Structure formats: C-alpha cells, structure tokens
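So the structure is just underneath, and the comments pick up after that.
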Amino acid sequence: MNKIIIALVVVAAIAAGWFLLTASDTYDFVAEVDTEITELENELASLDAQAQAGTLSEADATAAKVRIVTRLNAINTASTNSEKAQLTAAQRAQLSEGLNRLKNILVTYQNTLAIVEANADDIVVEAEVRRRGGSYNPSRTLNEAVAATIDDVEETVADSVQEYEADPELDAQVDFAADTTAEAEVDMDTDTEAEMTDDEATTTEEEADMEMPTMEDPETDETTVEVDADAAIDTELVN
C-alpha cells in the first residue's frame, strides 16, 4: 500500500514539473496580447467620443487611465512571456499584426490619451494601479506609456518574428505622437512666461507713471504770487 502511495506521489510530482516546464507553450500569450490590444482600442474609441462631446469628467478620466495602464502592463507581461514559447507561424503573424495595431492606436488616439492624462487624478491612478500589483511610472504620460509598450512588444517581435518589417512612416508618426504631450507642455510654459513678462512690463510702466512728480507751471505760480501781493497792497491802502 505504501509503495502505491509513493508511486502516485512521484507521478504527481513529475506531472506538476512537466506542467511548469511546458506552461509557456500551452498558454497562448500571443492571443492575450491581441485581446488586450483590442480592448484598449475599444476603450479609447469610447473615450474619444466622450472627449469630443465634452462629457469626460475627472472621475471618468481617472478610472480610464487606471484601465489603460493596467492593459499596457498586461500587454507587456504577455508579450515578454511569449518569448519563452515556440510560436507557430500563425502566432508570429498575429504578434506582428498586434504590434502594428498598437502603433496605429497611439497615432489615432494621441489627442484622446492627452485629454485623459490632463483630466485624471494621477495620485489616485498611481495608488490604484499599485494596489492591483501593476507597475506605474508617474513621470511618464499616457502617450509615452503606450510608446514604451510599443518598444517592448517590438523587441519581442524582433526576437520571435525574423521576417517582420517595420513601416518607417508609421514609426515616424508614433515618435511624433509620443512627443506631442511634452511639446504641448513646453509651449504652455513658454506662453505663460511671455504673459508674465508682459504683465510685469505693464506693472512697471504703471508704477513709473504713479511715481513721476507733476511739473508745475512756473508762470502760474508767479502770477498767483503777484495777484496775492497786489491784493495785499490794496488792502493796506484801504485801511
């Protein structure tokens, strides 16, 4: 009886070890990447409609940013894990297509991502993402986060899909979309400084006008003095 139990335990251990060694081959990480990209695209299409209608509240933007960052984390993880598996030709094609879809998502929805970024409460976003066990970089905008995910997936594709050929024009659009938010912030800072300089100049001019002494007309003063003197003489003669 003991030998039977020991044999069952050994078989179970071997089965568990085999499962752990082959889990990356049995689970379709490429399909997970594709699903998350599809959900991200649908999410941004809905957010774009809200942004265009002006109905995107701070709470909506905050919740949306949490979901977007969570999806990007999932895409990164699944993409990295797919490198451990022996991909089929169909999976390699699906992964390449997913990369191009992700690039087009950033190009198409760069303004929507910027609007969500501007309206979200980043403190709440960071706390919620970390509570879910995800990684979060508070110094990175959503546009930059999507671009970083594209870079990660592209590294996976380069390792797993030797026949993949990047589209230089699309990549240039991706780079531009990633930098759009940063450029907008620089422009806003420049405009603000210019407005402050103009205000300071106006204030200085007003202060100068207030401090400038009023020049009196010497002739008026002399005439006034002469009139006063004549009046005094006439008064004395009358007396």
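Naming scheme: A, B, ... for chains in displayed order of the structure tokens; residues 1 onward per chain; ligands 1 onward as shown.
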
- Within 8 Å of region 29-34 of chain A, counting only C-alpha atoms, which residues qualify if same-chain residues fewer than 4 places away don't, as a PyMOL selection string? chain A and resi 24+38+74-75+78-79+81-82+91+94-95+98

- So which residues touch Leu40 (chain A) within 8 Å, counting only C-alpha atoms, skipping near sequence neighbours fewer than 3 positions away, as a list of chain:residue names? A:Glu36, A:Ile37, A:Glu43, A:Leu44, A:Ile68, A:Arg71

- Tell me which protein, DNA and RNA residues are within 9 Å of Glu155 (chain A), counting only C-alpha atoms, leaving out same-chain ones fewer than 5 positions away, and put them as a VMD selection string. chain A and resid 80 150 160

Those same residues, written as an mmCIF file, in the first residue's frame with N, CA and C atoms?
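Wrote it out as selection_23.cif, contents follow:
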data_model
loop_
_atom_site.group_PDB
_atom_site.id
_atom_site.type_symbol
_atom_site.label_atom_id
_atom_site.label_comp_id
_atom_site.auth_asym_id
_atom_site.auth_seq_id
_atom_site.Cartn_x
_atom_site.Cartn_y
_atom_site.Cartn_z
ATOM 1 N N THR A 80 6.275 39.582 -23.189
ATOM 2 C CA THR A 80 7.551 39.043 -22.696
ATOM 3 C C THR A 80 7.468 37.530 -22.513
ATOM 4 N N ILE A 150 4.957 49.852 -26.941
ATOM 5 C CA ILE A 150 5.268 49.532 -28.335
ATOM 6 C C ILE A 150 6.728 49.088 -28.462
ATOM 7 N N SER A 160 11.290 37.108 -32.031
ATOM 8 C CA SER A 160 10.455 35.953 -32.377
ATOM 9 C C SER A 160 10.021 35.905 -33.837
#

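Going from CA of Glu39 (chain A) over to CA of Ala166 (chain A), you cover 23.5 Å.
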
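Our summary of the geometry notes that CA of Ala148 (chain A) is positioned 18.9 Å from CA of Gly133 (chain A).
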
- Query: Between CA of Val116 (chain A) and CA of Asp179 (chain A), what is the distance, to one decimal in Å?
  - Reply: 15.9 Å

- Message: I'd like the neighbourhood of Ser46 (chain A) as a ChimeraX atom specification, where a residue qualifies if any of its atoms comes within 12 Å (using only C-alpha atoms), though same-chain residues fewer than 3 positions away should be ignored.
- Response: /A:39-43,49-53,55-56,60-61,64,109,112-113,116

Neighbour list for Ala118 (chain A) as an mmCIF file with C-alpha atoms, in the first residue's frame, cut-off 10 Å, only C-alpha atoms, skip fewer than 2 positions in-chain:
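selection.cif written:
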data_model
loop_
_atom_site.group_PDB
_atom_site.id
_atom_site.type_symbol
_atom_site.label_atom_id
_atom_site.label_comp_id
_atom_site.auth_asym_id
_atom_site.auth_seq_id
_atom_site.Cartn_x
_atom_site.Cartn_y
_atom_site.Cartn_z
ATOM 1 C CA GLU A 58 -12.244 63.827 -13.737
ATOM 2 C CA ALA A 61 -10.635 60.123 -16.805
ATOM 3 C CA THR A 62 -9.060 58.745 -13.628
ATOM 4 C CA THR A 112 -7.632 61.398 -26.601
ATOM 5 C CA LEU A 113 -4.803 59.998 -24.486
ATOM 6 C CA ALA A 114 -3.595 63.558 -23.808
ATOM 7 C CA ILE A 115 -7.103 64.630 -22.718
ATOM 8 C CA VAL A 116 -7.408 61.664 -20.358
ATOM 9 C CA ALA A 120 -7.107 62.304 -14.473
ATOM 10 C CA ASP A 121 -6.164 62.490 -10.798
ATOM 11 C CA ASP A 122 -2.680 60.999 -11.018
ATOM 12 C CA THR A 141 2.441 60.451 -19.776
ATOM 13 C CA LEU A 142 -0.089 58.062 -21.299
ATOM 14 C CA THR A 181 2.315 65.971 -24.956
#

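Non-sequential neighbours of Glu163 (chain A) (distance at most 10 Å, separation of 4 or more positions within a chain, only C-alpha atoms) are Arg92, Ala93, Ser96, Val157 and Ala158 of chain A.
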